[in-house]
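Trainee: mmCIF, C-alpha atoms, saved as protein_13.cif, coming up:
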```cif
data_final
#
loop_
_atom_site.label_atom_id
_atom_site.label_comp_id
_atom_site.auth_asym_id
_atom_site.auth_seq_id
_atom_site.Cartn_x
_atom_site.Cartn_y
_atom_site.Cartn_z
CA MET L 1 -15.68 -59.73 78.19
CA ASP L 2 -13.13 -62.04 79.85
CA ARG L 3 -14.13 -65.34 81.44
CA THR L 4 -13.83 -64.04 85.06
CA THR L 5 -16.04 -61.01 84.43
CA CYS L 6 -18.58 -63.16 82.60
CA GLN L 7 -18.75 -65.57 85.54
CA GLU L 8 -19.23 -62.66 87.94
CA MET L 9 -22.06 -61.26 85.84
CA LEU L 10 -23.72 -64.66 85.64
CA LYS L 11 -23.52 -64.90 89.46
CA ILE L 12 -25.16 -61.46 89.78
CA VAL L 13 -27.98 -62.41 87.39
CA LEU L 14 -28.59 -65.67 89.26
CA GLU L 15 -28.75 -63.75 92.56
CA VAL L 16 -31.16 -61.22 91.08
CA ILE L 17 -33.44 -63.98 89.80
CA GLN L 18 -33.35 -65.73 93.18
CA ASP L 19 -34.51 -62.47 94.79
CA ILE L 20 -37.53 -62.14 92.47
CA PRO L 21 -40.65 -63.42 94.27
CA THR L 22 -42.04 -66.80 93.28
CA LEU L 23 -45.37 -67.16 91.50
CA PRO L 24 -48.50 -67.89 93.58
CA ASN L 25 -48.98 -71.46 94.84
CA VAL L 26 -52.00 -71.87 92.57
CA VAL L 27 -49.65 -71.76 89.56
CA TYR L 28 -47.61 -74.70 90.83
CA HIS L 29 -50.72 -76.68 91.75
CA LEU L 30 -52.07 -76.04 88.27
CA THR L 31 -48.80 -77.19 86.71
CA ARG L 32 -48.96 -80.51 88.53
CA LEU L 33 -52.58 -81.00 87.51
CA MET L 34 -51.77 -80.33 83.86
CA GLU L 35 -49.12 -83.04 83.91
CA ASN L 36 -51.82 -85.64 84.63
CA PRO L 37 -53.89 -86.56 81.53
CA ALA L 38 -56.74 -87.73 83.80
CA THR L 39 -57.24 -84.23 85.23
CA SER L 40 -60.79 -82.92 84.82
CA ALA L 41 -62.08 -79.43 84.04
CA LEU L 42 -63.67 -79.38 87.48
CA GLN L 43 -60.33 -80.02 89.19
CA VAL L 44 -58.65 -77.22 87.21
CA SER L 45 -61.43 -74.76 87.99
CA GLU L 46 -61.38 -75.68 91.69
CA VAL L 47 -57.65 -74.89 91.96
CA ILE L 48 -58.03 -71.51 90.23
CA SER L 49 -61.14 -70.63 92.24
CA ARG L 50 -59.20 -70.88 95.53
CA ASP L 51 -57.53 -67.58 94.58
CA GLN L 52 -60.29 -64.96 94.43
CA ALA L 53 -58.15 -62.25 92.82
CA LEU L 54 -56.92 -64.64 90.12
CA THR L 55 -60.47 -65.90 89.52
CA ALA L 56 -61.73 -62.35 88.99
CA LYS L 57 -58.85 -61.56 86.60
CA VAL L 58 -59.34 -64.72 84.53
CA LEU L 59 -63.08 -64.06 84.18
CA LYS L 60 -62.42 -60.43 83.19
CA LEU L 61 -59.98 -61.56 80.51
CA VAL L 62 -62.25 -64.29 79.18
CA ASN L 63 -65.16 -61.83 78.92
CA SER L 64 -63.05 -59.09 77.32
CA ALA L 65 -63.21 -57.78 73.76
CA TYR L 66 -60.06 -59.78 73.05
CA TYR L 67 -62.03 -63.04 73.00
CA GLY L 68 -65.35 -61.58 71.90
CA PHE L 69 -67.61 -64.39 73.12
CA PRO L 70 -71.31 -63.60 72.48
CA ARG L 71 -72.42 -64.76 75.95
CA LYS L 72 -70.98 -63.83 79.30
CA ILE L 73 -68.93 -66.56 80.97
CA ASN L 74 -69.78 -66.57 84.66
CA THR L 75 -67.61 -69.32 86.13
CA VAL L 76 -64.06 -70.58 85.83
CA SER L 77 -65.35 -74.06 84.98
CA GLN L 78 -67.21 -72.59 81.97
CA ALA L 79 -64.03 -70.80 80.91
CA VAL L 80 -62.00 -74.02 81.16
CA VAL L 81 -64.51 -75.91 79.01
CA ILE L 82 -64.75 -73.18 76.36
CA LEU L 83 -61.08 -72.18 76.14
CA GLY L 84 -59.47 -75.50 77.00
CA TYR L 85 -56.82 -76.43 79.57
CA ASN L 86 -53.82 -74.99 77.75
CA ASN L 87 -55.35 -71.57 77.12
CA ILE L 88 -56.54 -71.27 80.73
CA ARG L 89 -53.11 -72.39 81.91
CA ASN L 90 -51.44 -69.70 79.81
CA LEU L 91 -53.86 -67.04 81.09
CA VAL L 92 -53.04 -67.97 84.68
CA PHE L 93 -49.29 -67.91 84.02
CA THR L 94 -49.41 -64.59 82.18
CA THR L 95 -51.55 -62.92 84.85
CA SER L 96 -49.21 -64.17 87.58
CA VAL L 97 -46.07 -63.06 85.73
CA PHE L 98 -47.55 -59.57 85.28
CA ASP L 99 -48.45 -59.27 88.95
CA VAL L 100 -45.03 -60.44 90.19
CA VAL L 101 -42.61 -58.82 87.72
CA VAL L 102 -44.23 -56.16 85.58
CA LYS L 103 -46.52 -54.18 87.87
CA PRO L 104 -43.96 -53.38 90.58
CA ASN L 105 -41.43 -52.00 88.11
CA GLY L 106 -42.66 -48.44 87.87
CA SER L 107 -41.04 -46.54 85.03
CA GLU L 108 -37.35 -45.76 84.66
CA PRO L 109 -35.57 -43.71 81.97
CA LEU L 110 -33.56 -46.79 80.97
CA PHE L 111 -36.41 -49.26 80.82
CA ASN L 112 -39.28 -47.73 78.85
CA LYS L 113 -42.10 -49.97 80.00
CA VAL L 114 -44.62 -48.50 77.55
CA LYS L 115 -42.40 -49.05 74.50
CA PHE L 116 -41.38 -52.48 75.76
CA TRP L 117 -44.98 -53.69 76.09
CA GLU L 118 -45.97 -52.12 72.78
CA HIS L 119 -43.27 -54.24 71.16
CA SER L 120 -44.38 -57.33 73.11
CA LEU L 121 -47.99 -56.68 72.05
CA GLY L 122 -46.91 -56.29 68.43
CA CYS L 123 -45.09 -59.61 68.61
CA ALA L 124 -48.08 -61.31 70.27
CA ALA L 125 -50.57 -59.89 67.76
CA SER L 126 -48.36 -60.81 64.80
CA ALA L 127 -47.83 -64.32 66.21
CA LYS L 128 -51.57 -64.90 66.51
CA ILE L 129 -52.21 -63.83 62.92
CA ILE L 130 -49.28 -65.87 61.56
CA THR L 131 -50.65 -68.89 63.42
CA LYS L 132 -54.09 -68.46 61.84
CA LYS L 133 -52.64 -68.06 58.35
CA MET L 134 -50.66 -71.27 58.83
CA GLY L 135 -53.75 -73.17 59.98
CA PHE L 136 -51.93 -73.90 63.26
CA LYS L 137 -54.57 -74.34 65.98
CA LYS L 138 -52.65 -72.97 68.97
CA THR L 139 -53.44 -69.29 68.42
CA GLU L 140 -53.78 -68.38 72.09
CA GLU L 141 -50.59 -70.23 73.02
CA THR L 142 -48.59 -68.34 70.40
CA PHE L 143 -50.17 -65.05 71.53
CA ILE L 144 -49.03 -65.64 75.13
CA ALA L 145 -45.59 -66.82 73.98
CA GLY L 146 -45.21 -63.63 71.92
CA LEU L 147 -46.31 -61.50 74.84
CA LEU L 148 -43.70 -63.03 77.19
CA HIS L 149 -40.86 -63.65 74.72
CA ASP L 150 -38.68 -60.79 76.05
CA LEU L 151 -39.21 -61.55 79.74
CA GLY L 152 -35.42 -61.65 80.22
CA LYS L 153 -35.16 -57.96 79.34
CA ILE L 154 -37.17 -57.10 82.45
CA VAL L 155 -34.59 -58.94 84.53
CA LEU L 156 -31.57 -57.28 82.89
CA TYR L 157 -32.83 -53.75 82.27
CA HIS L 158 -34.73 -53.21 85.51
CA PHE L 159 -32.52 -55.01 88.00
CA LEU L 160 -29.08 -54.40 86.39
CA GLU L 161 -29.52 -50.79 85.39
CA GLY L 162 -25.87 -49.73 85.37
CA GLU L 163 -24.64 -52.63 83.25
CA SER L 164 -27.63 -52.33 80.93
CA ALA L 165 -26.89 -48.64 80.30
CA GLU L 166 -23.54 -49.74 78.89
CA VAL L 167 -25.28 -52.35 76.73
CA LEU L 168 -27.57 -49.71 75.22
CA MET L 169 -24.65 -47.36 74.62
CA VAL L 170 -22.63 -50.07 72.84
CA ALA L 171 -25.64 -51.10 70.73
CA ALA L 172 -26.24 -47.47 69.63
CA GLU L 173 -22.60 -46.53 69.02
CA ARG L 174 -21.74 -49.67 67.05
CA ASP L 175 -25.13 -50.23 65.42
CA LEU L 176 -25.53 -53.70 66.94
CA LEU L 177 -28.56 -55.77 67.71
CA LEU L 178 -29.33 -55.53 71.40
CA ILE L 179 -28.68 -59.24 71.90
CA GLU L 180 -25.22 -58.82 70.34
CA ALA L 181 -24.38 -55.88 72.62
CA GLU L 182 -25.63 -57.82 75.67
CA GLN L 183 -23.40 -60.75 74.83
CA GLU L 184 -20.40 -58.49 74.33
CA VAL L 185 -20.85 -56.39 77.48
CA LEU L 186 -22.41 -58.90 79.88
CA GLY L 187 -21.30 -62.24 78.51
CA ILE L 188 -24.97 -63.34 78.57
CA ASN L 189 -28.13 -62.04 76.90
CA HIS L 190 -31.82 -61.55 77.64
CA THR L 191 -32.82 -64.95 76.23
CA TYR L 192 -30.59 -66.68 78.79
CA ALA L 193 -31.77 -64.45 81.65
CA GLY L 194 -35.36 -65.14 80.62
CA LYS L 195 -34.77 -68.89 80.57
CA LEU L 196 -33.29 -68.77 84.09
CA LEU L 197 -36.40 -67.00 85.34
CA ALA L 198 -38.74 -69.31 83.40
CA ASP L 199 -36.97 -72.34 84.88
CA LYS L 200 -37.22 -70.91 88.39
CA TRP L 201 -40.96 -70.48 87.93
CA ASN L 202 -41.44 -73.77 86.10
CA LEU L 203 -43.21 -72.01 83.25
CA PRO L 204 -44.74 -74.21 80.51
CA ARG L 205 -42.16 -75.71 78.17
CA ASP L 206 -43.53 -73.95 75.09
CA ILE L 207 -43.35 -70.50 76.71
CA THR L 208 -39.85 -71.23 78.06
CA ALA L 209 -38.78 -72.30 74.57
CA ALA L 210 -40.13 -69.08 73.02
CA ILE L 211 -38.22 -67.03 75.61
CA SER L 212 -35.03 -69.04 75.00
CA PHE L 213 -35.04 -69.44 71.21
CA HIS L 214 -36.95 -66.54 69.60
CA HIS L 215 -33.70 -65.21 68.11
CA ASN L 216 -32.52 -68.63 66.95
CA PRO L 217 -35.26 -71.30 66.75
CA LEU L 218 -32.97 -74.06 65.44
CA PRO L 219 -32.18 -75.64 68.88
CA ALA L 220 -35.84 -75.55 69.97
CA GLY L 221 -36.55 -79.21 69.19
CA ASP L 222 -40.27 -80.06 69.45
CA ASN L 223 -41.04 -76.35 69.83
CA PHE L 224 -39.25 -75.34 66.62
CA ARG L 225 -42.44 -74.32 64.81
CA LEU L 226 -43.73 -72.26 67.74
CA CYS L 227 -40.35 -70.55 68.17
CA SER L 228 -40.20 -69.86 64.43
CA ILE L 229 -43.59 -68.13 64.66
CA ILE L 230 -42.35 -65.94 67.54
CA HIS L 231 -39.09 -65.33 65.67
CA LEU L 232 -40.96 -64.01 62.62
CA ALA L 233 -43.50 -62.12 64.75
CA ASP L 234 -40.68 -60.34 66.60
CA ILE L 235 -39.19 -59.28 63.28
CA LEU L 236 -42.56 -58.06 61.94
CA SER L 237 -43.17 -56.03 65.10
CA ARG L 238 -39.82 -54.34 64.55
CA CYS L 239 -40.49 -53.80 60.84
CA LEU L 240 -43.78 -52.08 61.69
CA ASN L 241 -42.07 -49.92 64.35
CA ILE L 242 -44.41 -51.15 67.07
CA GLY L 243 -42.86 -50.09 70.37
CA SER L 244 -39.18 -50.81 70.86
CA GLY L 245 -37.10 -53.93 71.27
CA GLY L 246 -34.28 -51.75 72.64
CA ASP L 247 -32.41 -51.15 69.38
CA ASN L 248 -33.11 -49.84 65.88
CA LYS L 249 -32.10 -52.93 63.94
CA ILE L 250 -34.11 -55.77 62.44
CA PRO L 251 -32.74 -59.31 62.95
CA LEU L 252 -32.21 -61.57 59.98
CA LEU L 253 -34.94 -64.14 59.41
CA ASN L 254 -33.77 -67.71 59.92
CA GLU L 255 -34.01 -69.50 56.56
CA ARG L 256 -35.10 -72.82 58.07
CA SER L 257 -37.85 -71.08 60.02
CA TRP L 258 -39.13 -69.42 56.86
CA GLU L 259 -39.23 -72.79 55.11
CA VAL L 260 -41.15 -74.43 57.97
CA LEU L 261 -43.68 -71.61 58.25
CA ASN L 262 -44.37 -71.96 54.51
CA LEU L 263 -45.96 -68.52 54.14
CA SER L 264 -46.31 -66.97 50.70
CA TRP L 265 -45.53 -63.28 50.21
CA ASP L 266 -49.22 -62.77 49.48
CA LYS L 267 -50.09 -64.17 52.92
CA MET L 268 -47.41 -61.95 54.44
CA LYS L 269 -49.14 -58.87 52.98
CA HIS L 270 -52.41 -59.93 54.62
CA ILE L 271 -50.62 -60.57 57.92
CA LEU L 272 -49.13 -57.07 57.93
CA SER L 273 -52.48 -55.46 57.15
CA GLU L 274 -54.24 -57.41 59.92
CA VAL L 275 -51.76 -56.66 62.70
CA GLU L 276 -53.22 -53.22 63.42
CA THR L 277 -56.71 -54.65 64.02
CA GLU L 278 -55.33 -57.40 66.25
CA MET L 279 -53.28 -54.81 68.19
CA GLU L 280 -56.49 -53.06 69.29
CA LYS L 281 -57.82 -56.28 70.82
CA ALA L 282 -54.43 -57.08 72.32
CA GLN L 283 -54.29 -53.66 73.98
CA ALA L 284 -57.60 -54.42 75.71
CA PHE L 285 -56.01 -57.64 76.99
CA ILE L 286 -53.03 -55.74 78.45
CA ASN L 287 -55.24 -53.07 79.99
CA LEU L 288 -57.07 -55.74 81.97
CA LEU L 289 -53.79 -57.37 83.07
CA GLU L 290 -52.57 -54.03 84.39
CA ALA L 291 -55.87 -53.16 86.11
#
```
Show how you would write the structure in this file as structure tokens.

Mentor:
Amino acid sequence: MDRTTCQEMLKIVLEVIQDIPTLPNVVYHLTRLMENPATSALQVSEVISRDQALTAKVLKLVNSAYYGFPRKINTVSQAVVILGYNNIRNLVFTTSVFDVVVKPNGSEPLFNKVKFWEHSLGCAASAKIITKKMGFKKTEETFIAGLLHDLGKIVLYHFLEGESAEVLMVAAERDLLLIEAEQEVLGINHTYAGKLLADKWNLPRDITAAISFHHNPLPAGDNFRLCSIIHLADILSRCLNIGSGGDNKIPLLNERSWEVLNLSWDKMKHILSEVETEMEKAQAFINLLEA
């Protein structure tokens, strides 16, 4: 693609993203609260509780089979105390993203929503298990990051259907990774489109990093380990044929990421065997988001 065409496509993508509705005000209020280390659980719960629909969704998710708490959690303040600020924050962001972008999409021949979310679920489930095997404490954060890692594909493949049809054709005919075909046809790819949307919505830095760097974690800075987990989880989801990432190829694993994750092949066998069980719980999570 020549420079002029690339600039035109970038302008179109920026216009599309500007037309996508913003997230609810509660999300932005919550973001500002989270930036203050003196914020209390009560303040967080009060902000969420102002939105009745969001409150009901958060409580449904917290009491779902995905978390498996033995006692019912009846209030947002209880949920904040039990799950912690970051996990509640990620639940609120994920619920809001679903309501704004995913639900209205319907289903199109080009964008197979079912296959897309199966792949996203596979990545999220794999990421959670990898995190546990590493002894990394942020299991819920990596699950959410895995779930939203391909957010940019929703932008490109739903809102730029004609151009994306050409991307899919080029990927199939030349046996390319989808991200390679996107770059060739559009001059940009879904990681960049996803970052633009994440920036517009002021999503948490770790989620934005996972969206931006899951194909190449090296530039991720402080989020290198998280992005490496999502990078490997994305590959595992493809290896296990869970849903579809839009192509039939498996990306190469970044050597530096593999070194940092420090997973033995024996642990990898256990991870693969546990993904199916985790997928069942993850599906319950998605079902509640879509309800």

Trainee: Which residue, L:Val260, L:Met279, L:Leu176, L:Ala79, has the smallest gap to L:Tyr66 when you use only C-alpha atoms?

Mentor: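 Looking at the shortest contact to L:Tyr66, the residue is L:Met279.
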
Trainee: Given the file shown, enumerate the residues that the PyMOL selection byres ((chain L and resi 209) around 12) captures and present them as a PyMOL selection string.

Mentor: chain L and resi 142+145-146+148-151+191-192+194-196+198-199+202-208+210-231

Trainee: Given all atoms listed in the file as the basis, pick out the residue of L:Thr31, L:Ser120, L:Gln78, L:Asn63 nearest to L:Leu236.

Mentor: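 For L:Leu236, the nearest of the candidates is L:Ser120.
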
Trainee: Give as a VMD selection string the residues that the PyMOL selection byres ((chain L and resi 283) around 12) matches when applied to the coordinates above.

Mentor: chain L and resid 61 64 to 66 114 117 to 122 124 to 125 147 275 to 282 284 to 290

Trainee: Between atom CA of L:Thr139 and atom CA of L:Asn87, what is the distance, to one decimal in Å?

Mentor: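 Spanning atom CA of L:Thr139 to atom CA of L:Asn87 is a straight-line distance of 9.2 Å.
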
Trainee: Between L:Leu14, L:Ile250, L:Leu272, L:Ala233, which one has atoms that come closest to L:Cys123, using only C-alpha atoms?

Mentor: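 For L:Cys123, the nearest of the candidates is L:Ala233.
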
Trainee: Neighbouring residues of L:Ala56 were defined as those with any atom within 12 Å, considering only C-alpha atoms; residues of the same chain fewer than 4 positions away were excluded. Please report them as a ChimeraX atom specification.

Mentor: /L:48-52,60-63,73-76,79,92,95,288-289,291

Trainee: When distances are computed from all atoms listed in the file, which of L:Tyr85, L:Ile129, L:Val44, L:Leu33 shows the smallest separation from L:Ser273?

Mentor: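 Residue with the minimum atom-to-atom distance to L:Ser273: L:Ile129.
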
Trainee: Using all atoms listed in the file, which residue out of L:Arg89, L:Lys133, L:Arg71, L:Arg32 lies closest to L:Ser45?

Mentor: L:Arg89

Trainee: Find the residue from L:Val26, L:Leu83, L:Leu91, L:Ala181 that sits nearest to L:Val58; use only C-alpha atoms when measuring.

Mentor: L:Leu91

Trainee: Given the file shown, enumerate the residues that the PyMOL selection byres ((chain L and resi 246) around 12) captures and present them as a PyMOL selection string.

Mentor: chain L and resi 110-120+150+153-154+156-157+164-165+167-172+175-182+190+238+241-245+247-250

Trainee: Between atom CA of L:Asn90 and atom CA of L:Lys57, what is the spacing in Å?

Mentor: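 Computing it gives 12.9 Å between the two atoms.
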
Trainee: So how many Å separate atom CA of L:Val185 and atom CA of L:Leu253, to one decimal?

Mentor: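 According to the coordinates, atom CA of L:Val185 and atom CA of L:Leu253 are separated by 24.2 Å.
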
Trainee: For a cut-off of 12 Å around (-46.4, -68.6, 92.8), file coordinates, pick out all residues using only C-alpha atoms and list them as an mmCIF file with C-alpha atoms, in the coordinates of the input.

Mentor:
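What landed in out.cif:
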```cif
data_model
loop_
_atom_site.group_PDB
_atom_site.id
_atom_site.type_symbol
_atom_site.label_atom_id
_atom_site.label_comp_id
_atom_site.auth_asym_id
_atom_site.auth_seq_id
_atom_site.Cartn_x
_atom_site.Cartn_y
_atom_site.Cartn_z
ATOM 1 C CA ILE L 20 -37.530 -62.140 92.470
ATOM 2 C CA PRO L 21 -40.650 -63.420 94.270
ATOM 3 C CA THR L 22 -42.040 -66.800 93.280
ATOM 4 C CA LEU L 23 -45.370 -67.160 91.500
ATOM 5 C CA PRO L 24 -48.500 -67.890 93.580
ATOM 6 C CA ASN L 25 -48.980 -71.460 94.840
ATOM 7 C CA VAL L 26 -52.000 -71.870 92.570
ATOM 8 C CA VAL L 27 -49.650 -71.760 89.560
ATOM 9 C CA TYR L 28 -47.610 -74.700 90.830
ATOM 10 C CA HIS L 29 -50.720 -76.680 91.750
ATOM 11 C CA LEU L 30 -52.070 -76.040 88.270
ATOM 12 C CA THR L 31 -48.800 -77.190 86.710
ATOM 13 C CA ASP L 51 -57.530 -67.580 94.580
ATOM 14 C CA LEU L 54 -56.920 -64.640 90.120
ATOM 15 C CA VAL L 92 -53.040 -67.970 84.680
ATOM 16 C CA PHE L 93 -49.290 -67.910 84.020
ATOM 17 C CA THR L 94 -49.410 -64.590 82.180
ATOM 18 C CA THR L 95 -51.550 -62.920 84.850
ATOM 19 C CA SER L 96 -49.210 -64.170 87.580
ATOM 20 C CA VAL L 97 -46.070 -63.060 85.730
ATOM 21 C CA PHE L 98 -47.550 -59.570 85.280
ATOM 22 C CA ASP L 99 -48.450 -59.270 88.950
ATOM 23 C CA VAL L 100 -45.030 -60.440 90.190
ATOM 24 C CA VAL L 101 -42.610 -58.820 87.720
ATOM 25 C CA LYS L 200 -37.220 -70.910 88.390
ATOM 26 C CA TRP L 201 -40.960 -70.480 87.930
ATOM 27 C CA ASN L 202 -41.440 -73.770 86.100
ATOM 28 C CA LEU L 203 -43.210 -72.010 83.250
#
```
